[in-house]
$ cat upload-v1.cif   # mmCIF, C-alpha atoms
data_coords
loop_
_atom_site.label_atom_id
_atom_site.label_comp_id
_atom_site.auth_asym_id
_atom_site.auth_seq_id
_atom_site.Cartn_x
_atom_site.Cartn_y
_atom_site.Cartn_z
CA MET A 1 5.74 -25.86 -16.16
CA GLU A 2 7.46 -24.36 -19.20
CA ASN A 3 9.69 -21.30 -19.34
CA LEU A 4 9.98 -20.91 -15.59
CA ASN A 5 12.25 -17.90 -15.16
CA SER A 6 14.71 -17.38 -12.34
CA PHE A 7 13.51 -15.24 -9.45
CA GLN A 8 14.26 -14.26 -5.86
CA PHE A 9 11.80 -14.11 -2.99
CA LEU A 10 12.33 -12.72 0.50
CA LEU A 11 9.84 -12.04 3.25
CA SER A 12 11.47 -11.50 6.61
CA THR A 13 8.22 -10.52 8.34
CA LYS A 14 6.56 -12.98 10.71
CA ILE A 15 2.86 -12.96 9.84
CA ILE A 16 0.24 -13.58 12.50
CA PHE A 17 -3.18 -13.60 10.84
CA GLY A 18 -6.69 -14.08 12.12
CA LYS A 19 -9.53 -12.80 14.25
CA ASP A 20 -8.48 -11.72 17.75
CA GLN A 21 -4.79 -12.37 17.03
CA LEU A 22 -3.97 -9.00 18.54
CA ASN A 23 -3.85 -10.97 21.79
CA SER A 24 -0.51 -12.46 20.66
CA LEU A 25 1.18 -9.04 20.93
CA GLY A 26 2.58 -9.64 24.42
CA ASP A 27 4.44 -12.77 23.32
CA GLN A 28 5.88 -10.98 20.31
CA LEU A 29 7.14 -8.10 22.43
CA ALA A 30 8.88 -10.57 24.71
CA GLU A 31 10.52 -12.29 21.74
CA ILE A 32 12.12 -9.07 20.53
CA SER A 33 13.07 -7.90 24.04
CA ALA A 34 11.03 -4.71 24.01
CA LYS A 35 12.21 -2.34 26.75
CA LYS A 36 10.50 0.87 25.69
CA ILE A 37 8.06 1.10 22.81
CA MET A 38 7.17 4.02 20.60
CA ILE A 39 3.58 3.58 19.48
CA VAL A 40 2.95 5.36 16.17
CA THR A 41 -0.68 6.09 15.34
CA ASP A 42 -3.24 8.87 14.85
CA LYS A 43 -5.77 10.58 17.07
CA GLY A 44 -8.71 9.00 15.25
CA LEU A 45 -7.63 5.51 16.23
CA ILE A 46 -7.16 6.64 19.82
CA LYS A 47 -10.68 8.03 19.81
CA ALA A 48 -11.99 4.78 18.29
CA GLY A 49 -10.51 2.81 21.18
CA ILE A 50 -8.26 0.65 19.04
CA VAL A 51 -5.05 1.99 20.56
CA ASP A 52 -6.39 1.25 24.06
CA LYS A 53 -6.45 -2.45 23.17
CA VAL A 54 -2.73 -2.30 22.40
CA LEU A 55 -1.96 -0.21 25.48
CA ASP A 56 -3.75 -2.72 27.71
CA ILE A 57 -1.48 -5.49 26.48
CA ILE A 58 1.65 -3.38 26.88
CA LYS A 59 0.67 -2.38 30.42
CA ARG A 60 -0.10 -5.98 31.38
CA ASN A 61 3.42 -6.86 30.29
CA ASN A 62 4.91 -3.99 32.32
CA ILE A 63 6.66 -2.41 29.34
CA ASP A 64 7.33 1.31 29.18
CA TYR A 65 6.05 3.21 26.14
CA TYR A 66 5.75 6.58 24.43
CA LEU A 67 2.54 7.34 22.53
CA TYR A 68 3.07 9.30 19.32
CA ASP A 69 -0.30 10.21 17.77
CA GLU A 70 0.67 12.77 15.12
CA VAL A 71 0.41 10.53 12.05
CA ILE A 72 -1.15 12.36 9.10
CA PRO A 73 -2.20 11.16 5.62
CA ASN A 74 0.67 11.18 3.14
CA PRO A 75 3.35 11.52 5.84
CA ARG A 76 5.88 14.27 5.26
CA ILE A 77 9.64 14.07 5.47
CA ASN A 78 9.92 16.74 8.16
CA VAL A 79 7.28 15.02 10.33
CA VAL A 80 9.16 11.72 10.16
CA ASP A 81 12.42 13.43 11.10
CA GLU A 82 10.79 15.17 14.07
CA ALA A 83 9.21 11.92 15.26
CA ALA A 84 12.55 10.09 14.94
CA ALA A 85 14.18 12.72 17.14
CA ILE A 86 11.52 12.06 19.80
CA CYS A 87 12.11 8.32 19.47
CA LYS A 88 15.83 8.75 20.09
CA ASN A 89 15.28 11.14 22.98
CA GLU A 90 12.87 8.66 24.60
CA ASN A 91 15.35 5.78 24.12
CA CYS A 92 12.76 3.54 22.49
CA ASN A 93 14.07 0.24 21.13
CA VAL A 94 10.89 -1.05 19.45
CA LEU A 95 8.22 0.59 17.29
CA ILE A 96 4.57 -0.41 16.98
CA ALA A 97 2.65 0.94 13.97
CA ILE A 98 -1.12 1.03 14.41
CA GLY A 99 -3.21 2.20 11.47
CA GLY A 100 -3.22 2.24 7.71
CA GLY A 101 -0.49 2.93 5.19
CA SER A 102 0.36 6.36 6.58
CA ALA A 103 1.08 4.93 10.02
CA MET A 104 3.20 2.16 8.52
CA ASP A 105 5.12 4.56 6.26
CA THR A 106 5.74 6.96 9.13
CA THR A 107 6.94 4.16 11.39
CA LYS A 108 9.33 2.75 8.81
CA GLY A 109 10.80 6.20 8.29
CA ILE A 110 11.21 6.66 12.05
CA SER A 111 12.86 3.24 12.33
CA VAL A 112 15.55 4.32 9.85
CA MET A 113 16.13 7.79 11.22
CA ALA A 114 16.24 6.67 14.87
CA THR A 115 19.50 4.84 14.13
CA ASN A 116 20.99 6.71 11.16
CA GLU A 117 22.25 10.23 10.51
CA GLY A 118 20.77 13.02 8.42
CA SER A 119 17.20 13.39 7.19
CA SER A 120 14.80 10.82 5.78
CA TYR A 121 15.06 12.86 2.58
CA ASP A 122 18.63 11.59 2.18
CA TYR A 123 17.45 7.97 1.94
CA LEU A 124 14.74 8.41 -0.71
CA ASP A 125 15.06 6.41 -3.92
CA GLY A 126 14.57 9.54 -5.99
CA ARG A 127 17.89 10.91 -4.73
CA GLY A 128 19.64 8.70 -7.28
CA GLU A 129 23.39 8.57 -6.80
CA SER A 130 23.09 10.97 -3.87
CA LYS A 131 20.92 8.52 -1.95
CA LYS A 132 22.42 7.48 1.39
CA GLU A 133 22.64 3.82 2.27
CA ILE A 134 21.09 2.65 5.53
CA SER A 135 24.27 1.79 7.40
CA ASN A 136 22.80 1.02 10.84
CA ASP A 137 19.99 -1.48 11.33
CA PRO A 138 16.63 0.29 11.78
CA LEU A 139 14.62 -0.27 14.95
CA PRO A 140 12.37 -3.36 14.84
CA ILE A 141 8.73 -2.75 13.95
CA ILE A 142 5.55 -4.59 14.88
CA ALA A 143 2.90 -3.62 12.33
CA ILE A 144 -0.79 -3.74 13.27
CA PRO A 145 -2.94 -2.70 10.28
CA THR A 146 -6.42 -1.31 10.84
CA THR A 147 -7.32 -1.10 7.15
CA SER A 148 -7.33 -3.67 4.36
CA GLY A 149 -5.52 -1.91 1.59
CA THR A 150 -1.90 -0.88 1.62
CA GLY A 151 -0.27 -4.19 2.54
CA SER A 152 2.47 -2.06 4.05
CA GLU A 153 2.73 -4.43 6.99
CA VAL A 154 4.47 -6.90 4.64
CA SER A 155 6.37 -4.49 2.37
CA PHE A 156 9.77 -2.84 2.44
CA TYR A 157 8.60 0.60 1.31
CA SER A 158 8.15 3.80 3.27
CA VAL A 159 6.31 6.30 1.07
CA LEU A 160 6.98 9.89 2.12
CA THR A 161 6.00 13.28 0.72
CA ASP A 162 8.23 16.30 0.23
CA PRO A 163 6.11 19.19 1.61
CA GLU A 164 7.73 21.72 -0.73
CA THR A 165 7.41 19.89 -4.06
CA LYS A 166 4.47 17.64 -3.05
CA ILE A 167 6.34 14.76 -4.70
CA LYS A 168 5.84 11.33 -3.12
CA ASP A 169 8.97 9.18 -2.97
CA SER A 170 10.04 6.02 -1.18
CA ILE A 171 12.66 4.67 1.13
CA SER A 172 12.96 1.07 -0.03
CA SER A 173 15.08 -1.47 1.77
CA HIS A 174 14.72 -5.03 3.00
CA LYS A 175 15.96 -3.64 6.33
CA ILE A 176 12.60 -1.92 6.95
CA TYR A 177 10.40 -4.97 6.68
CA PRO A 178 8.40 -5.13 9.93
CA VAL A 179 9.67 -8.00 12.05
CA VAL A 180 6.09 -8.95 12.91
CA ALA A 181 2.75 -8.20 11.23
CA ILE A 182 -0.29 -8.87 13.38
CA ILE A 183 -3.19 -8.84 10.92
CA ASP A 184 -6.37 -8.98 12.96
CA PRO A 185 -9.42 -8.32 10.75
CA VAL A 186 -11.53 -7.51 13.80
CA LEU A 187 -9.66 -4.18 13.95
CA THR A 188 -11.18 -3.22 10.57
CA LYS A 189 -14.83 -3.95 11.46
CA ASN A 190 -15.78 -0.30 12.14
CA LEU A 191 -13.94 1.14 9.14
CA PRO A 192 -16.23 3.59 7.26
CA SER A 193 -17.58 2.34 3.95
CA PHE A 194 -15.78 4.95 1.83
CA ILE A 195 -12.39 4.11 3.37
CA THR A 196 -13.14 0.41 3.01
CA ALA A 197 -13.88 1.01 -0.67
CA CYS A 198 -10.77 3.10 -1.35
CA THR A 199 -8.40 0.78 0.48
CA GLY A 200 -9.97 -2.20 -1.27
CA LEU A 201 -9.28 -0.61 -4.64
CA ASP A 202 -5.68 -0.18 -3.51
CA VAL A 203 -5.53 -3.95 -2.99
CA LEU A 204 -6.78 -4.47 -6.53
CA GLY A 205 -4.15 -2.06 -7.83
CA HIS A 206 -1.28 -3.71 -5.97
CA ALA A 207 -2.27 -7.15 -7.19
CA LEU A 208 -3.10 -6.30 -10.80
CA GLU A 209 -0.05 -4.08 -11.26
CA ALA A 210 2.32 -6.56 -9.62
CA TYR A 211 0.98 -9.31 -11.89
CA THR A 212 1.41 -7.22 -15.03
CA SER A 213 4.73 -5.52 -14.23
CA THR A 214 7.86 -6.45 -16.15
CA ILE A 215 9.49 -7.90 -13.03
CA GLU A 216 6.69 -10.23 -11.90
CA ASN A 217 7.65 -13.77 -10.97
CA PRO A 218 5.84 -17.12 -10.77
CA MET A 219 5.67 -17.14 -6.99
CA THR A 220 4.17 -13.69 -6.55
CA ASP A 221 1.77 -14.39 -9.43
CA LEU A 222 -0.01 -16.81 -7.09
CA PHE A 223 -0.43 -14.11 -4.44
CA ALA A 224 -1.56 -11.49 -6.97
CA LEU A 225 -4.12 -13.67 -8.73
CA GLU A 226 -5.68 -14.84 -5.48
CA ALA A 227 -5.87 -11.25 -4.20
CA ILE A 228 -7.60 -10.08 -7.39
CA LYS A 229 -10.18 -12.86 -7.13
CA ILE A 230 -10.89 -12.08 -3.47
CA VAL A 231 -11.40 -8.37 -4.18
CA PHE A 232 -14.07 -9.07 -6.77
CA ASN A 233 -15.74 -11.61 -4.50
CA SER A 234 -15.58 -9.79 -1.15
CA LEU A 235 -15.03 -6.04 -1.44
CA ALA A 236 -18.64 -5.06 -2.18
CA GLU A 237 -19.90 -7.03 0.81
CA ALA A 238 -17.22 -5.56 3.07
CA VAL A 239 -18.21 -2.04 1.96
CA ASN A 240 -21.98 -2.42 2.01
CA SER A 241 -22.61 -4.69 4.98
CA GLY A 242 -19.35 -4.68 6.91
CA ASP A 243 -19.66 -8.47 7.17
CA ILE A 244 -16.76 -9.71 9.28
CA GLU A 245 -15.99 -12.66 7.02
CA ALA A 246 -15.79 -10.33 4.03
CA ARG A 247 -13.41 -8.17 6.06
CA VAL A 248 -11.33 -11.24 6.92
CA ASN A 249 -11.10 -12.00 3.21
CA MET A 250 -10.09 -8.44 2.38
CA SER A 251 -7.42 -8.43 5.10
CA TYR A 252 -6.02 -11.60 3.58
CA ALA A 253 -6.16 -10.15 0.06
CA SER A 254 -4.41 -6.99 1.24
CA MET A 255 -1.59 -9.06 2.72
CA LEU A 256 -1.22 -11.17 -0.44
CA ALA A 257 -1.23 -8.12 -2.71
CA GLY A 258 1.24 -6.32 -0.44
CA ILE A 259 3.68 -9.21 -0.73
CA ALA A 260 3.29 -9.31 -4.51
CA MET A 261 3.72 -5.56 -4.93
CA SER A 262 6.69 -5.46 -2.58
CA HIS A 263 8.52 -7.93 -4.82
CA CYS A 264 7.26 -6.87 -8.25
CA GLY A 265 6.49 -3.20 -7.89
CA ALA A 266 3.58 -1.32 -9.41
CA THR A 267 2.99 0.25 -12.82
CA ILE A 268 1.43 3.39 -14.25
CA PRO A 269 -1.59 3.64 -11.91
CA HIS A 270 0.80 4.18 -9.02
CA ALA A 271 3.06 6.42 -11.09
CA LEU A 272 0.10 8.65 -11.94
CA GLY A 273 -1.76 8.07 -8.68
CA CYS A 274 0.94 9.42 -6.39
CA PRO A 275 0.88 12.89 -8.03
CA LEU A 276 -2.93 12.86 -7.86
CA THR A 277 -2.67 12.39 -4.13
CA GLY A 278 0.18 14.86 -3.67
CA HIS A 279 -1.20 17.70 -5.78
CA CYS A 280 -4.98 17.19 -5.64
CA GLY A 281 -5.50 15.47 -2.31
CA MET A 282 -7.26 12.47 -3.82
CA PRO A 283 -7.19 9.40 -1.53
CA HIS A 284 -4.44 7.07 -2.71
CA GLY A 285 -6.63 4.00 -3.10
CA LEU A 286 -9.25 5.94 -5.03
CA ALA A 287 -6.63 7.32 -7.42
CA VAL A 288 -5.03 3.93 -7.98
CA GLY A 289 -8.40 2.23 -8.43
CA ILE A 290 -9.67 4.67 -11.04
CA LEU A 291 -6.38 4.45 -12.95
CA GLN A 292 -6.66 0.66 -13.40
CA ILE A 293 -9.06 1.34 -16.27
CA PRO A 294 -6.78 3.56 -18.42
CA MET A 295 -3.86 1.26 -17.50
CA LEU A 296 -5.62 -1.74 -19.02
CA GLU A 297 -6.61 0.28 -22.08
CA PHE A 298 -3.12 1.73 -22.59
CA ASN A 299 -1.39 -1.64 -22.18
CA LYS A 300 -3.98 -3.71 -24.03
CA GLU A 301 -1.71 -4.84 -26.88
CA VAL A 302 0.82 -6.39 -24.50
CA LEU A 303 -1.48 -7.67 -21.77
CA GLN A 304 -4.01 -9.88 -23.54
CA ASP A 305 -2.51 -13.14 -22.29
CA LYS A 306 -2.07 -11.79 -18.78
CA VAL A 307 -5.63 -10.47 -18.58
CA LYS A 308 -6.93 -13.73 -20.02
CA ASN A 309 -5.16 -15.56 -17.17
CA VAL A 310 -6.74 -13.20 -14.64
CA LEU A 311 -10.21 -13.90 -16.01
CA LYS A 312 -9.60 -17.66 -16.04
CA TYR A 313 -8.44 -17.52 -12.42
CA MET A 314 -11.62 -15.64 -11.55
CA ASP A 315 -13.62 -18.50 -13.16
CA GLU A 316 -15.01 -16.26 -15.88
CA ASP A 317 -16.23 -18.02 -19.03
CA ILE A 318 -13.58 -16.81 -21.46
CA ASN A 319 -15.14 -18.78 -24.32
CA ASN A 320 -17.73 -16.04 -24.62
CA ILE A 321 -15.13 -13.27 -24.87
CA ASP A 322 -13.77 -12.26 -28.27
CA GLU A 323 -10.02 -12.72 -28.71
CA GLY A 324 -8.30 -9.40 -28.10
CA GLN A 325 -11.14 -8.10 -25.92
CA TYR A 326 -10.12 -9.57 -22.59
CA HIS A 327 -9.03 -6.17 -21.33
CA THR A 328 -12.46 -4.70 -22.19
CA TYR A 329 -14.17 -7.46 -20.23
CA LEU A 330 -11.97 -6.83 -17.17
CA ILE A 331 -12.48 -3.06 -17.45
CA ASN A 332 -16.23 -3.64 -17.35
CA LYS A 333 -15.81 -5.89 -14.29
CA ILE A 334 -13.94 -3.07 -12.55
CA LYS A 335 -16.63 -0.56 -13.51
CA GLU A 336 -19.30 -2.89 -12.11
CA LEU A 337 -17.34 -3.23 -8.88
CA MET A 338 -16.95 0.54 -8.57
CA LYS A 339 -20.69 0.94 -9.03
CA LYS A 340 -21.38 -1.62 -6.29
CA ILE A 341 -19.12 0.21 -3.84
CA ASN A 342 -20.40 3.68 -4.78
CA ILE A 343 -17.18 4.94 -6.33
CA GLU A 344 -17.50 7.17 -9.36
CA GLU A 345 -15.01 6.81 -12.19
CA ALA A 346 -14.82 10.55 -12.67
CA VAL A 347 -12.84 12.67 -10.25
CA ASN A 348 -14.66 15.94 -10.79
CA LYS A 349 -14.65 16.86 -7.10
CA TYR A 350 -10.86 17.12 -7.26
CA VAL A 351 -9.35 20.12 -9.04
CA MET A 352 -7.47 18.97 -12.13
CA ASP A 353 -6.88 22.09 -14.18
CA GLU A 354 -4.24 22.52 -16.88
CA LYS A 355 -1.63 23.70 -14.37
CA SER A 356 -2.09 20.76 -12.00
CA ILE A 357 -2.07 18.26 -14.87
CA ASP A 358 1.20 19.76 -16.12
CA LEU A 359 2.78 19.44 -12.66
CA MET A 360 1.44 15.93 -12.11
CA SER A 361 2.60 14.73 -15.51
CA LYS A 362 6.14 15.93 -14.84
CA ASP A 363 6.14 14.07 -11.53
CA ALA A 364 4.60 10.92 -12.99
CA ILE A 365 7.04 10.54 -15.88
CA ILE A 366 10.00 10.31 -13.49
CA HIS A 367 8.23 7.94 -11.09
CA GLY A 368 10.01 4.60 -10.85
CA CYS A 369 6.83 2.66 -11.58
CA THR A 370 6.84 3.89 -15.18
CA LEU A 371 10.01 1.89 -15.78
CA ILE A 372 8.36 -1.48 -15.10
CA ASN A 373 5.14 -0.83 -16.96
CA PRO A 374 4.90 -3.39 -19.78
CA LYS A 375 4.64 -0.64 -22.40
CA LYS A 376 6.72 2.51 -22.60
CA ILE A 377 4.75 5.62 -21.71
CA SER A 378 5.42 9.23 -22.71
CA ILE A 379 4.52 12.45 -20.95
CA GLU A 380 1.95 13.06 -23.70
CA ASP A 381 0.34 9.70 -22.88
CA ILE A 382 0.23 10.67 -19.22
CA ILE A 383 -1.40 14.02 -19.97
CA ASN A 384 -4.01 12.22 -22.08
CA ILE A 385 -4.80 9.81 -19.24
CA TYR A 386 -5.21 12.64 -16.73
CA ASN A 387 -7.52 14.46 -19.12
CA GLU A 388 -9.46 11.23 -19.67
CA ILE A 389 -10.22 10.72 -15.98
CA GLY A 390 -10.62 14.41 -15.14
#
$ encode --input "upload-v1.cif" --output "C-alpha cells"
Amino acid sequence: MENLNSFQFLLSTKIIFGKDQLNSLGDQLAEISAKKIMIVTDKGLIKAGIVDKVLDIIKRNNIDYYLYDEVIPNPRINVVDEAAAICKNENCNVLIAIGGGSAMDTTKGISVMATNEGSSYDYLDGRGESKKEISNDPLPIIAIPTTSGTGSEVSFYSVLTDPETKIKDSISSHKIYPVVAIIDPVLTKNLPSFITACTGLDVLGHALEAYTSTIENPMTDLFALEAIKIVFNSLAEAVNSGDIEARVNMSYASMLAGIAMSHCGATIPHALGCPLTGHCGMPHGLAVGILQIPMLEFNKEVLQDKVKNVLKYMDEDINNIDEGQYHTYLINKIKELMKKINIEEAVNKYVMDEKSIDLMSKDAIIHGCTLINPKKISIEDIINIYNEIG
C-alpha cells in the first residue's frame, strides 16, 4: 500500500453485538460494579416495553436503580444539568442509556456533570478558550441503542442544544466513550418506517462524510466504505418490510459509521444539518441525508477519486461512468434510495424563510465540521445550498 499516512485510532468501548445480546447486561453490570443505576430513556420506550426488558435484568441482579424518562429530541443544556443533579442526589454510580441519539447524548452529558462542577454549557467545544476541561472521570455508561442511525453508542460526542440560541454544540472527549455498547438489533424491530428511514440516512451521512473529510484515515476508511455499501443494500428493506436481517445489517452499519465519524468527524451536511434541526425542527437524519446531495455537488472537483472508490466498493460498473461524473452517479443512487424509502428531497413542510436561512447560515459557518470539509465553504455558498433544498 502506497502513501499510507500516520494515524491514531482509539475505541475504548466494549462492543457486544447480535440478536438477543441484551441478555448479557447482567454480566456487564457485575463487571463494572454497579451499585445504583440511573436509567436514561424516554416515555415512548417505556410504553413500548423495551425499558421493561432492561428493568427485568436489573431486578434479577438485585441492583438498585432510578428511572429517568425525560429524554427529549435534541437534548437541551438545562435538561442535562437538571438530570445530572438528580443523578448526584440519588448517588448513582452507573448510567444506562436506552434509546437513540438523544438518549445517548443526554446520558453522556449527565455522566460528565455528575462528577464535575458548573454547567454542561461550560464543556462545549464552541466555548473555545473558555471551555472547561473534564477534570474528574465521568460516570461509566452502558449504551443500549434502539435505533440504527446515530452510532452514538461508539462515539465520544454529546450533542446538546442551547435553548436560547437554538445552536447545537458538542462535548467531545475520549472520557465519555460508553464503557459498553450492547447493540441488539431485535430492539429496533418495531421502529416506525419513517424513523428507520431518517436514522438510516444518518448512517449514510456519517460514513460518507467521515470518508471524505480531511482527517480520514486508512483504518476508518474500511468502516466507512462497508457502512455505505450496507446502507444501499439493506436500508430500503429495513424501512419497507422491517425484515430482521436487514435491521441487523443496519445496526452493524450504524456502529461502523459511528466509529468512523467519531474518529474523522463530519463535513458540511452536519454543519448545515444541525441548524436545520435547531431552527426548523427537521429530524437530524433527514436533514443530513438530504444534504449529502449538495455536498457531493459542491465538493465534486476534489472528490472524484474518493467517490470513484465508493462506487467500486459498492461493486458498481465504473467503466460505464464518464470520468468526472462519479459524483453525479452517486447522487442519482442516493435519489433512488430516497425514493425507495419514501423520503422527499425537498423540505417544503419545514419553514425555511429568508430570516431562518440567515440565522442558520450564521450558525453553520462557525460549525466545526466546515473546517474539515475538503473544500472551503463561504456563508454565501451555505445560503445557496439552503435555498437549493428549500
$ closest_residue --input "upload-v1.cif" --among "A:Ile98, A:Ile167, A:Leu208, A:Leu191" --to "Ala266 (chain A)" --atoms "only C-alpha atoms"
A:Leu208
$ residues_around --input "upload-v1.cif" --residues "Ile86 (chain A)" --least-positions-apart "4" --cutoff "12 Å" --atoms "all atoms listed in the file" --output "ChimeraX atom specification"
/A:37-40,66-68,70,79-82,90-92,110-111,113-114
$ residues_around --input "upload-v1.cif" --residues "Ala181 (chain A)" --least-positions-apart "3" --cutoff "8 Å" --atoms "only C-alpha atoms" --output "MDAnalysis selection string"
chainID A and resid 13:16 142:145 153:154 178
$ resolve_selection --input "upload-v1.cif" --expression "the PyMOL selection byres ((chain A and resi 214) around 7)" --output "compact mmCIF listing (two decimals) with C-alpha atoms, in the coordinates of the input"
# COMPACT_ATOMS: atom_id res chain seq x y z
CA THR A 212 1.41 -7.22 -15.03
CA SER A 213 4.73 -5.52 -14.23
CA ILE A 215 9.49 -7.90 -13.03
CA GLU A 216 6.69 -10.23 -11.90
CA ILE A 372 8.36 -1.48 -15.10
CA ASN A 373 5.14 -0.83 -16.96
CA PRO A 374 4.90 -3.39 -19.78
$ resolve_selection --input "upload-v1.cif" --expression "the PyMOL selection byres ((chain A and resi 172) around 12)" --output "JSON, numbers by chain"
{"A": [105, 108, 109, 112, 120, 123, 124, 125, 126, 127, 131, 132, 133, 134, 152, 155, 156, 157, 158, 159, 160, 169, 170, 171, 173, 174, 175, 176, 177, 262, 263, 265, 368]}
$ resolve_selection --input "upload-v1.cif" --expression "the PyMOL selection byres ((chain A and resi 211) around 8)" --output "mmCIF file with C-alpha atoms, in the frame of the given file"
data_model
loop_
_atom_site.group_PDB
_atom_site.id
_atom_site.type_symbol
_atom_site.label_atom_id
_atom_site.label_comp_id
_atom_site.auth_asym_id
_atom_site.auth_seq_id
_atom_site.Cartn_x
_atom_site.Cartn_y
_atom_site.Cartn_z
ATOM 1 C CA ALA A 207 -2.270 -7.150 -7.190
ATOM 2 C CA LEU A 208 -3.100 -6.300 -10.800
ATOM 3 C CA GLU A 209 -0.050 -4.080 -11.260
ATOM 4 C CA ALA A 210 2.320 -6.560 -9.620
ATOM 5 C CA THR A 212 1.410 -7.220 -15.030
ATOM 6 C CA SER A 213 4.730 -5.520 -14.230
ATOM 7 C CA GLU A 216 6.690 -10.230 -11.900
ATOM 8 C CA THR A 220 4.170 -13.690 -6.550
ATOM 9 C CA ASP A 221 1.770 -14.390 -9.430
ATOM 10 C CA ALA A 224 -1.560 -11.490 -6.970
ATOM 11 C CA LEU A 225 -4.120 -13.670 -8.730
ATOM 12 C CA ALA A 260 3.290 -9.310 -4.510
ATOM 13 C CA CYS A 264 7.260 -6.870 -8.250
ATOM 14 C CA LYS A 306 -2.070 -11.790 -18.780
#
$ closest_residue --input "upload-v1.cif" --among "A:Ile383, A:Ile389, A:Val180, A:Leu291" --to "Glu354 (chain A)" --atoms "all atoms listed in the file"
A:Ile383
$ closest_residue --input "upload-v1.cif" --among "A:Asp27, A:Gly289, A:Ile244, A:Leu222" --to "Cys274 (chain A)" --atoms "only C-alpha atoms"
A:Gly289
$ closest_residue --input "upload-v1.cif" --among "A:Ala197, A:Met314, A:Ile141, A:Ile379" --to "Asn240 (chain A)" --atoms "all atoms listed in the file"
A:Ala197
$ atom_distance --input "upload-v1.cif" --atom1 "CA of Asp322 (chain A)" --atom2 "CA of Ile228 (chain A)"
21.9 Å
$ atom_distance --input "upload-v1.cif" --atom1 "CA of Gly205 (chain A)" --atom2 "CA of Gly285 (chain A)"
8.1 Å
$ residues_around --input "upload-v1.cif" --residues "Asp69 (chain A)" --least-positions-apart "5" --cutoff "9 Å" --atoms "only C-alpha atoms" --output "ChimeraX atom specification"
/A:39-46
$ closest_residue --input "upload-v1.cif" --among "A:His279, A:Lys333, A:Leu286, A:Asp243" --to "Lys355 (chain A)" --atoms "only C-alpha atoms"
A:His279
$ residues_around --input "upload-v1.cif" --residues "Leu371 (chain A)" --least-positions-apart "6" --cutoff "9 Å" --atoms "only C-alpha atoms" --output "MDAnalysis selection string"
chainID A and resid 214 267:268 377
$ closest_residue --input "upload-v1.cif" --among "A:Ala287, A:Met250, A:Val203, A:Ile343" --to "Thr188 (chain A)" --atoms "all atoms listed in the file"
A:Met250
